[in-house]
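Student: My structure is stored as run_13.txt, with compact mmCIF, C-alpha atoms.
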```txt
# COMPACT_ATOMS: atom_id res chain seq x y z
CA MET A 1 -43.90 -13.45 -23.01
CA ALA A 2 -42.38 -14.88 -26.17
CA SER A 3 -39.69 -17.49 -25.75
CA LYS A 4 -36.92 -18.22 -28.22
CA ASN A 5 -38.62 -21.39 -29.49
CA ASP A 6 -42.02 -19.84 -30.11
CA GLN A 7 -40.83 -17.05 -32.34
CA PRO A 8 -37.50 -17.96 -33.88
CA THR A 9 -37.83 -15.31 -36.58
CA LEU A 10 -37.83 -12.34 -34.26
CA PRO A 11 -34.61 -10.35 -34.03
CA ARG A 12 -32.31 -11.46 -31.25
CA ALA A 13 -32.81 -8.40 -29.11
CA VAL A 14 -36.58 -8.95 -28.96
CA SER A 15 -36.75 -12.72 -28.64
CA ASP A 16 -33.92 -13.07 -26.17
CA GLN A 17 -35.14 -13.60 -22.65
CA ARG A 18 -31.75 -13.17 -21.04
CA SER A 19 -31.67 -10.89 -18.07
CA PHE A 20 -30.64 -7.29 -18.47
CA GLN A 21 -27.43 -8.01 -16.60
CA GLU A 22 -26.48 -10.81 -18.97
CA VAL A 23 -27.19 -8.68 -22.02
CA ILE A 24 -25.15 -5.70 -20.91
CA ALA A 25 -22.33 -7.97 -19.71
CA ASP A 26 -21.46 -8.54 -23.39
CA HIS A 27 -21.07 -4.82 -23.96
CA LEU A 28 -19.24 -3.77 -20.82
CA PRO A 29 -15.46 -3.45 -20.95
CA ARG A 30 -13.87 -6.46 -19.27
CA PRO A 31 -11.27 -5.71 -16.60
CA ALA A 32 -7.96 -6.29 -18.35
CA THR A 33 -6.67 -8.46 -15.50
CA GLY A 34 -3.64 -9.76 -17.39
CA ARG A 35 -2.52 -6.33 -18.55
CA ASN A 36 -3.20 -4.77 -15.11
CA THR A 37 -1.21 -7.44 -13.28
CA ILE A 38 1.78 -7.15 -15.62
CA VAL A 39 1.81 -3.35 -15.35
CA ALA A 40 1.48 -3.55 -11.53
CA PHE A 41 4.37 -6.02 -11.44
CA PHE A 42 6.72 -3.88 -13.54
CA ILE A 43 5.85 -0.50 -12.03
CA GLY A 44 5.86 -1.85 -8.46
CA GLY A 45 9.14 -3.61 -9.17
CA LEU A 46 10.64 -0.43 -10.63
CA ILE A 47 9.66 1.61 -7.56
CA CYS A 48 11.34 -1.01 -5.34
CA LEU A 49 14.38 -0.89 -7.63
CA VAL A 50 14.59 2.89 -7.16
CA GLY A 51 14.18 2.29 -3.40
CA GLN A 52 17.07 -0.17 -3.47
CA ALA A 53 19.26 2.38 -5.27
CA ILE A 54 18.40 5.02 -2.65
CA GLN A 55 19.06 2.51 0.15
CA ASN A 56 22.47 1.64 -1.33
CA GLY A 57 23.18 5.38 -1.43
CA TYR A 58 22.44 5.71 2.29
CA MET A 59 24.56 2.62 3.00
CA ALA A 60 27.43 4.28 1.11
CA LEU A 61 26.97 7.26 3.46
CA GLY A 62 27.61 4.97 6.42
CA PHE A 63 24.14 3.76 7.41
CA SER A 64 23.97 0.08 8.34
CA LYS A 65 21.78 -2.16 6.19
CA GLU A 66 18.94 -2.02 8.72
CA ASP A 67 19.30 1.68 9.55
CA ALA A 68 19.18 2.60 5.85
CA ALA A 69 15.58 1.38 5.40
CA ASN A 70 13.96 4.26 7.32
CA PRO A 71 15.63 7.18 5.48
CA THR A 72 14.92 5.29 2.24
CA VAL A 73 11.21 5.21 3.04
CA ALA A 74 11.27 8.90 3.99
CA THR A 75 13.02 9.78 0.72
CA LEU A 76 10.48 7.84 -1.35
CA ILE A 77 7.69 9.60 0.56
CA LEU A 78 9.29 12.97 -0.22
CA ILE A 79 9.48 12.10 -3.93
CA ALA A 80 5.87 10.83 -3.97
CA SER A 81 4.71 13.97 -2.14
CA VAL A 82 6.36 16.28 -4.67
CA VAL A 83 4.91 14.29 -7.60
CA THR A 84 1.48 14.37 -5.94
CA ALA A 85 1.71 18.12 -5.28
CA LEU A 86 2.60 18.70 -8.94
CA GLY A 87 -0.46 16.64 -9.95
CA GLY A 88 1.31 13.65 -11.48
CA TYR A 89 0.53 10.77 -9.13
CA ASP A 90 -3.18 10.54 -9.97
CA ARG A 91 -2.58 9.77 -13.65
CA PHE A 92 0.29 7.46 -12.69
CA GLY A 93 -2.01 5.66 -10.25
CA GLN A 94 -4.70 5.17 -12.89
CA PHE A 95 -2.11 3.68 -15.22
CA ALA A 96 -0.30 1.45 -12.73
CA GLY A 97 -3.08 0.42 -10.30
CA ALA A 98 -1.67 -1.60 -7.41
CA GLY A 99 1.85 -0.98 -8.78
CA ALA A 100 1.41 2.62 -7.63
CA ALA A 101 -0.82 1.96 -4.59
CA VAL A 102 1.02 -0.86 -2.79
CA PRO A 103 4.51 0.71 -2.43
CA VAL A 104 4.94 3.23 0.38
CA THR A 105 4.73 5.96 -2.30
CA GLY A 106 1.01 5.13 -2.66
CA PHE A 107 0.57 5.49 1.12
CA ALA A 108 2.21 8.94 0.91
CA ASN A 109 0.11 9.87 -2.12
CA SER A 110 -3.12 9.04 -0.28
CA ILE A 111 -2.14 11.33 2.63
CA VAL A 112 -0.84 14.22 0.53
CA SER A 113 -3.71 14.20 -1.97
CA SER A 114 -6.32 14.02 0.82
CA ALA A 115 -4.67 16.99 2.53
CA MET A 116 -4.63 19.00 -0.70
CA GLU A 117 -8.19 18.15 -1.71
CA ARG A 118 -9.65 19.01 1.70
CA ARG A 119 -7.80 22.33 2.00
CA THR A 120 -10.99 24.13 0.91
CA GLU A 121 -12.78 22.78 4.00
CA GLY A 122 -10.36 24.57 6.30
CA TRP A 123 -7.16 23.80 8.15
CA ILE A 124 -8.66 21.99 11.13
CA LEU A 125 -11.64 20.06 9.77
CA GLY A 126 -10.26 19.93 6.23
CA VAL A 127 -6.52 19.30 6.14
CA GLY A 128 -6.14 18.13 9.74
CA ALA A 129 -9.14 15.83 9.96
CA GLU A 130 -9.23 14.43 6.43
CA MET A 131 -5.53 13.84 5.80
CA PHE A 132 -5.84 10.22 6.98
CA ARG A 133 -9.12 9.48 5.17
CA VAL A 134 -7.45 6.66 3.19
CA ALA A 135 -4.28 6.02 5.22
CA GLY A 136 -6.11 5.96 8.57
CA PRO A 137 -7.56 2.45 8.19
CA VAL A 138 -4.10 1.17 7.22
CA ILE A 139 -2.62 2.58 10.43
CA VAL A 140 -5.54 1.47 12.64
CA PHE A 141 -5.58 -2.14 11.47
CA GLY A 142 -1.80 -2.28 11.27
CA VAL A 143 -1.43 -1.11 14.88
CA VAL A 144 -4.15 -3.44 16.19
CA ALA A 145 -2.62 -6.39 14.33
CA ALA A 146 0.88 -5.51 15.60
CA PHE A 147 -0.45 -5.23 19.17
CA PHE A 148 -1.95 -8.72 19.09
CA VAL A 149 1.07 -10.18 17.32
CA ALA A 150 3.27 -8.78 20.12
CA LEU A 151 0.87 -10.09 22.79
CA ILE A 152 0.91 -13.57 21.28
CA TYR A 153 4.69 -13.37 21.01
CA ALA A 154 4.90 -12.48 24.72
CA ALA A 155 2.51 -15.32 25.63
CA ILE A 156 4.51 -17.88 23.68
CA ALA A 157 7.80 -16.57 25.11
CA ALA A 158 6.37 -16.89 28.62
CA ILE A 159 5.48 -20.56 28.18
CA MET B 1 21.91 -9.31 -7.33
CA ILE B 2 19.99 -7.49 -4.60
CA PHE B 3 18.59 -5.20 -7.33
CA LEU B 4 17.14 -8.16 -9.25
CA TRP B 5 15.48 -9.61 -6.15
CA ALA B 6 14.22 -6.17 -5.11
CA PHE B 7 12.56 -5.79 -8.51
CA LEU B 8 11.11 -9.31 -8.64
CA VAL B 9 9.84 -9.50 -5.05
CA GLY B 10 8.51 -5.92 -4.99
CA GLY B 11 6.83 -6.46 -8.34
CA ALA B 12 5.32 -9.76 -7.20
CA ILE B 13 3.80 -8.17 -4.07
CA CYS B 14 2.23 -5.43 -6.22
CA ALA B 15 0.97 -8.03 -8.73
CA VAL B 16 -0.75 -9.93 -5.90
CA GLY B 17 -2.37 -6.64 -4.86
CA GLN B 18 -3.60 -6.06 -8.41
CA LEU B 19 -5.05 -9.59 -8.58
CA LEU B 20 -6.92 -8.99 -5.31
CA ILE B 21 -8.41 -5.84 -6.90
CA ASP B 22 -9.32 -7.38 -10.28
CA VAL B 23 -10.20 -10.98 -9.41
CA ALA B 24 -11.46 -10.74 -5.81
CA HIS B 25 -13.03 -7.30 -6.52
CA LEU B 26 -11.53 -5.67 -3.43
CA THR B 27 -11.03 -1.90 -3.23
CA ALA B 28 -7.45 -0.59 -3.13
CA ALA B 29 -8.04 0.56 0.48
CA ARG B 30 -8.99 -2.99 1.52
CA VAL B 31 -5.93 -4.42 -0.22
CA MET B 32 -3.69 -1.99 1.68
CA VAL B 33 -5.31 -2.96 5.01
CA ILE B 34 -4.95 -6.68 4.22
CA PHE B 35 -1.29 -6.19 3.27
CA VAL B 36 -0.47 -4.29 6.46
CA VAL B 37 -2.10 -6.95 8.64
CA ALA B 38 -0.36 -9.68 6.62
CA GLY B 39 2.97 -7.90 7.13
CA ALA B 40 2.41 -7.75 10.90
CA ILE B 41 1.58 -11.48 11.07
CA LEU B 42 4.52 -12.48 8.84
CA SER B 43 6.74 -10.39 11.11
CA GLY B 44 5.43 -12.20 14.19
CA ILE B 45 6.34 -15.60 12.79
CA GLY B 46 9.74 -14.30 11.71
CA LEU B 47 9.27 -14.58 7.94
CA TYR B 48 9.19 -10.92 6.90
CA PRO B 49 12.62 -9.97 8.32
CA LYS B 50 14.04 -12.88 6.30
CA LEU B 51 12.32 -11.57 3.18
CA ILE B 52 13.87 -8.12 3.78
CA ASP B 53 17.29 -9.74 4.18
CA PHE B 54 16.77 -11.51 0.88
CA ALA B 55 15.03 -8.86 -1.25
CA GLY B 56 16.07 -5.55 0.37
CA ALA B 57 13.87 -2.70 -0.81
CA GLY B 58 11.68 -5.21 -2.66
CA ALA B 59 10.32 -6.13 0.76
CA SER B 60 10.88 -2.89 2.69
CA VAL B 61 9.16 -0.54 0.19
CA PRO B 62 5.71 -2.21 -0.23
CA ILE B 63 3.08 -1.40 2.42
CA THR B 64 3.45 -4.91 3.92
CA SER B 65 6.72 -3.57 5.34
CA PHE B 66 4.73 -1.03 7.37
CA GLY B 67 2.93 -3.86 9.16
CA ASN B 68 6.23 -5.63 9.65
CA SER B 69 7.81 -2.52 11.21
CA LEU B 70 4.83 -2.02 13.56
CA ALA B 71 5.02 -5.60 14.83
CA HIS B 72 8.82 -5.70 14.81
CA GLY B 73 9.06 -2.59 17.02
CA ALA B 74 6.41 -3.94 19.40
CA ILE B 75 8.10 -7.34 19.72
CA ALA B 76 11.52 -5.76 20.27
CA GLU B 77 10.19 -3.74 23.23
CA VAL B 78 8.25 -6.75 24.57
CA LYS B 79 11.58 -8.56 24.70
CA ARG B 80 13.22 -5.63 26.48
CA ASP B 81 10.49 -4.25 28.79
CA GLY B 82 7.87 -7.00 29.01
CA LEU B 83 4.18 -6.72 28.10
CA ILE B 84 4.04 -2.89 28.12
CA GLY B 85 6.32 -3.02 25.07
CA ALA B 86 3.32 -4.12 22.98
CA ILE B 87 2.08 -0.53 23.40
CA THR B 88 5.27 1.48 23.69
CA GLY B 89 7.13 -0.17 20.82
CA ILE B 90 4.57 -0.08 18.01
CA PHE B 91 5.60 3.25 16.46
CA GLU B 92 9.28 2.80 17.28
CA LEU B 93 10.30 1.99 13.70
CA THR B 94 7.50 3.59 11.70
CA SER B 95 8.14 7.17 12.78
CA ALA B 96 9.97 8.00 9.54
CA GLY B 97 7.08 6.91 7.34
CA ILE B 98 4.21 8.47 9.27
CA SER B 99 5.99 11.68 10.31
CA SER B 100 7.33 12.45 6.85
CA ALA B 101 3.95 11.77 5.22
CA ILE B 102 2.19 14.11 7.69
CA VAL B 103 4.74 16.92 7.30
CA PHE B 104 4.89 16.67 3.49
CA GLY B 105 1.11 16.37 3.26
CA PHE B 106 0.69 19.51 5.34
CA LEU B 107 3.27 21.42 3.29
CA ALA B 108 1.65 20.28 0.04
CA SER B 109 -1.76 21.54 1.18
CA LEU B 110 -0.05 24.84 2.05
CA PHE B 111 1.67 25.37 -1.29
CA ALA B 112 -0.09 23.26 -3.92
CA ARG B 113 -3.62 23.14 -5.32
CA PRO B 114 -5.25 19.97 -6.64
CA ARG B 115 -5.78 19.87 -10.41
CA GLY B 116 -8.55 18.48 -12.56
```
Have the structure of the file written as structure tokens, please.
Tutor:
Amino acid sequence: MASKNDQPTLPRAVSDQRSFQEVIADHLPRPATGRNTIVAFFIGGLICLVGQAIQNGYMALGFSKEDAANPTVATLILIASVVTALGGYDRFGQFAGAGAAVPVTGFANSIVSSAMERRTEGWILGVGAEMFRVAGPVIVFGVVAAFFVALIYAAIAAI
Amino acid sequence: MIFLWAFLVGGAICAVGQLLIDVAHLTAARVMVIFVVAGAILSGIGLYPKLIDFAGAGASVPITSFGNSLAHGAIAEVKRDGLIGAITGIFELTSAGISSAIVFGFLASLFARPRG
């Protein structure tokens, strides 16, 4: 085992005793955290902006401010489903990262794309069973959290 | 003004999600679960409804809003019917999101084929 000091004339690649992981770390692409975060901010913000425009549209139709939120979410889900069915949301998701995944459109995309991809495995065990492959955990943990939040609320209210 | 806040708050929530993916090395699925649970807790302490008041769709479009709606519906029925409301009220407000995603997902698998 030659160390750096013993044989300083050897080429770097031979004399270097750095671990394999350290060596390849120099050559791997670094996650572009800054770029990713800025893109997620702008794309996520834009989707919310579109949502606000839709919500204002429903409010103009006579929905109250609170009642307008649900049809707005349904409309965004419809748009995301159509884009997913046409094959556009995957590329969009790769570009925008969390900007595409965190809004409710990403939730819809995960359900619609799972349903489409699993179609070849049949209606029952494919589409029916696999539709919630990604969205299922969100619903499970959301419901459990909401249940305990409501329990704690009831306990505090009872005191 | 609501449009500006919708953009800024919605964008900020997504940026936090991206940081969790890149810096904390979480998968997107984990981030979504964390956000839903966070939304439910923030709803319980009364903060998320205030954020929706302030930022409109900037707070009601990100997935955190789903957790808020779950907890909000449950708490509303706890107030009205007592403890059983924690079960009966959970899907009260989230029907639009879940039902439309199921129906559109089914229709898409009927009429569209995945590409690539």
Student: What gap, in Å, lies between CA of Ala40 (chain A) and CA of Val143 (chain A)?
Tutor: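 The value is 26.7 Å.
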Student: Select, as a PyMOL selection string, those residues of chain A with any atom no more than 6 Å from chain B (distances computed using only C-alpha atoms).
Tutor: chain A and resi 33+37+40-42+44-45+48-49+51-52+70+74+85+98-99+102-104+108+112+115-116+138+142+145-147+149-150
Student: Which distance in Å separates CA of Tyr89 (chain A) and CA of Asn109 (chain A), to one decimal?
Tutor: 7.1 Å
Student: If I take CA of Gly97 (chain A) and CA of Asn36 (chain A), how far is one from the other in Å, to one decimal?
Tutor: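 That distance, rounded to one decimal, is 7.1 Å.
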Student: Report as a ChimeraX atom specification all protein, DNA and RNA residues lying within 10 Å of Ala129 (chain A), evaluated on all atoms listed in the file, omitting residues in the same chain fewer than 4 positions from it.
Tutor: /A:114-115,118,121-125,133
Student: Calculated over only C-alpha atoms, which of the candidates A:Asn56, A:Thr105, A:Thr75, A:Ser113 has the smallest distance to Ile43 (chain A)?
Tutor: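 Closest residue, counting only C-alpha atoms: A:Thr105.
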Student: Any chance you could turn region 30-124 of chain A into a file with C-alpha atoms, as a CSV table (one decimal), in the first residue's frame?
Tutor:
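That gives us out29.csv:
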```
chain,number,residue,atom,x,y,z
A,30,ARG,CA,-24.3,17.8,-7.7
A,31,PRO,CA,-28.0,18.3,-7.0
A,32,ALA,CA,-28.7,21.8,-8.2
A,33,THR,CA,-30.4,22.8,-4.9
A,34,GLY,CA,-30.5,26.5,-5.6
A,35,ARG,CA,-31.9,26.1,-9.1
A,36,ASN,CA,-34.4,23.4,-8.0
A,37,THR,CA,-35.7,25.5,-5.1
A,38,ILE,CA,-36.2,28.6,-7.3
A,39,VAL,CA,-38.0,26.6,-10.0
A,40,ALA,CA,-40.2,24.9,-7.4
A,41,PHE,CA,-41.0,28.3,-5.9
A,42,PHE,CA,-42.0,29.8,-9.3
A,43,ILE,CA,-43.9,26.9,-10.7
A,44,GLY,CA,-45.7,26.1,-7.4
A,45,GLY,CA,-46.5,29.8,-7.1
A,46,LEU,CA,-47.9,29.9,-10.6
A,47,ILE,CA,-50.1,26.9,-10.0
A,48,CYS,CA,-51.5,28.6,-6.9
A,49,LEU,CA,-52.0,31.8,-9.0
A,50,VAL,CA,-54.0,29.8,-11.5
A,51,GLY,CA,-56.0,28.3,-8.6
A,52,GLN,CA,-56.7,31.8,-7.3
A,53,ALA,CA,-58.0,32.9,-10.7
A,54,ILE,CA,-60.3,29.8,-10.9
A,55,GLN,CA,-61.4,30.4,-7.3
A,56,ASN,CA,-62.3,34.1,-8.1
A,57,GLY,CA,-64.2,32.8,-11.1
A,58,TYR,CA,-66.3,30.5,-8.9
A,59,MET,CA,-66.8,33.4,-6.4
A,60,ALA,CA,-68.1,35.5,-9.4
A,61,LEU,CA,-70.6,32.7,-10.0
A,62,GLY,CA,-72.0,33.2,-6.5
A,63,PHE,CA,-69.9,30.7,-4.4
A,64,SER,CA,-68.9,32.1,-1.0
A,65,LYS,CA,-65.1,32.4,-0.4
A,66,GLU,CA,-65.1,29.2,1.6
A,67,ASP,CA,-67.4,27.2,-0.7
A,68,ALA,CA,-65.3,28.2,-3.7
A,69,ALA,CA,-62.2,26.2,-2.5
A,70,ASN,CA,-63.7,22.8,-3.2
A,71,PRO,CA,-64.7,23.3,-6.9
A,72,THR,CA,-61.4,25.0,-7.4
A,73,VAL,CA,-59.5,21.9,-6.2
A,74,ALA,CA,-61.7,19.7,-8.4
A,75,THR,CA,-61.1,21.9,-11.4
A,76,LEU,CA,-57.3,21.8,-10.9
A,77,ILE,CA,-57.5,18.0,-10.6
A,78,LEU,CA,-59.5,17.9,-13.8
A,79,ILE,CA,-56.8,20.0,-15.6
A,80,ALA,CA,-54.0,17.9,-14.1
A,81,SER,CA,-55.7,14.7,-15.1
A,82,VAL,CA,-56.1,15.8,-18.7
A,83,VAL,CA,-52.4,16.9,-18.9
A,84,THR,CA,-51.4,13.5,-17.3
A,85,ALA,CA,-53.6,11.5,-19.7
A,86,LEU,CA,-52.0,13.4,-22.7
A,87,GLY,CA,-48.5,12.5,-21.3
A,88,GLY,CA,-47.4,16.0,-20.3
A,89,TYR,CA,-47.2,15.9,-16.5
A,90,ASP,CA,-44.2,13.6,-16.2
A,91,ARG,CA,-41.9,15.9,-18.1
A,92,PHE,CA,-43.3,18.9,-16.2
A,93,GLY,CA,-42.7,17.0,-12.9
A,94,GLN,CA,-39.1,16.3,-13.8
A,95,PHE,CA,-38.6,20.0,-14.6
A,96,ALA,CA,-40.4,21.5,-11.6
A,97,GLY,CA,-39.8,18.9,-8.9
A,98,ALA,CA,-41.7,19.8,-5.7
A,99,GLY,CA,-43.3,22.7,-7.6
A,100,ALA,CA,-45.3,20.1,-9.5
A,101,ALA,CA,-45.6,17.5,-6.7
A,102,VAL,CA,-46.8,19.6,-3.7
A,103,PRO,CA,-49.8,21.3,-5.3
A,104,VAL,CA,-53.0,19.2,-5.4
A,105,THR,CA,-52.3,18.8,-9.2
A,106,GLY,CA,-49.4,16.5,-8.2
A,107,PHE,CA,-51.7,14.5,-6.0
A,108,ALA,CA,-54.1,14.1,-9.0
A,109,ASN,CA,-51.1,13.2,-11.3
A,110,SER,CA,-50.0,10.4,-8.9
A,111,ILE,CA,-53.4,8.8,-9.0
A,112,VAL,CA,-54.1,9.2,-12.7
A,113,SER,CA,-50.7,8.1,-13.8
A,114,SER,CA,-50.8,5.0,-11.5
A,115,ALA,CA,-54.2,4.1,-12.9
A,116,MET,CA,-52.9,4.4,-16.5
A,117,GLU,CA,-49.7,2.5,-15.9
A,118,ARG,CA,-51.4,-0.4,-14.1
A,119,ARG,CA,-54.1,-0.8,-16.7
A,120,THR,CA,-52.2,-3.7,-18.3
A,121,GLU,CA,-52.5,-5.6,-15.0
A,122,GLY,CA,-56.3,-5.6,-15.3
A,123,TRP,CA,-59.2,-3.5,-14.0
A,124,ILE,CA,-59.4,-5.0,-10.5
```
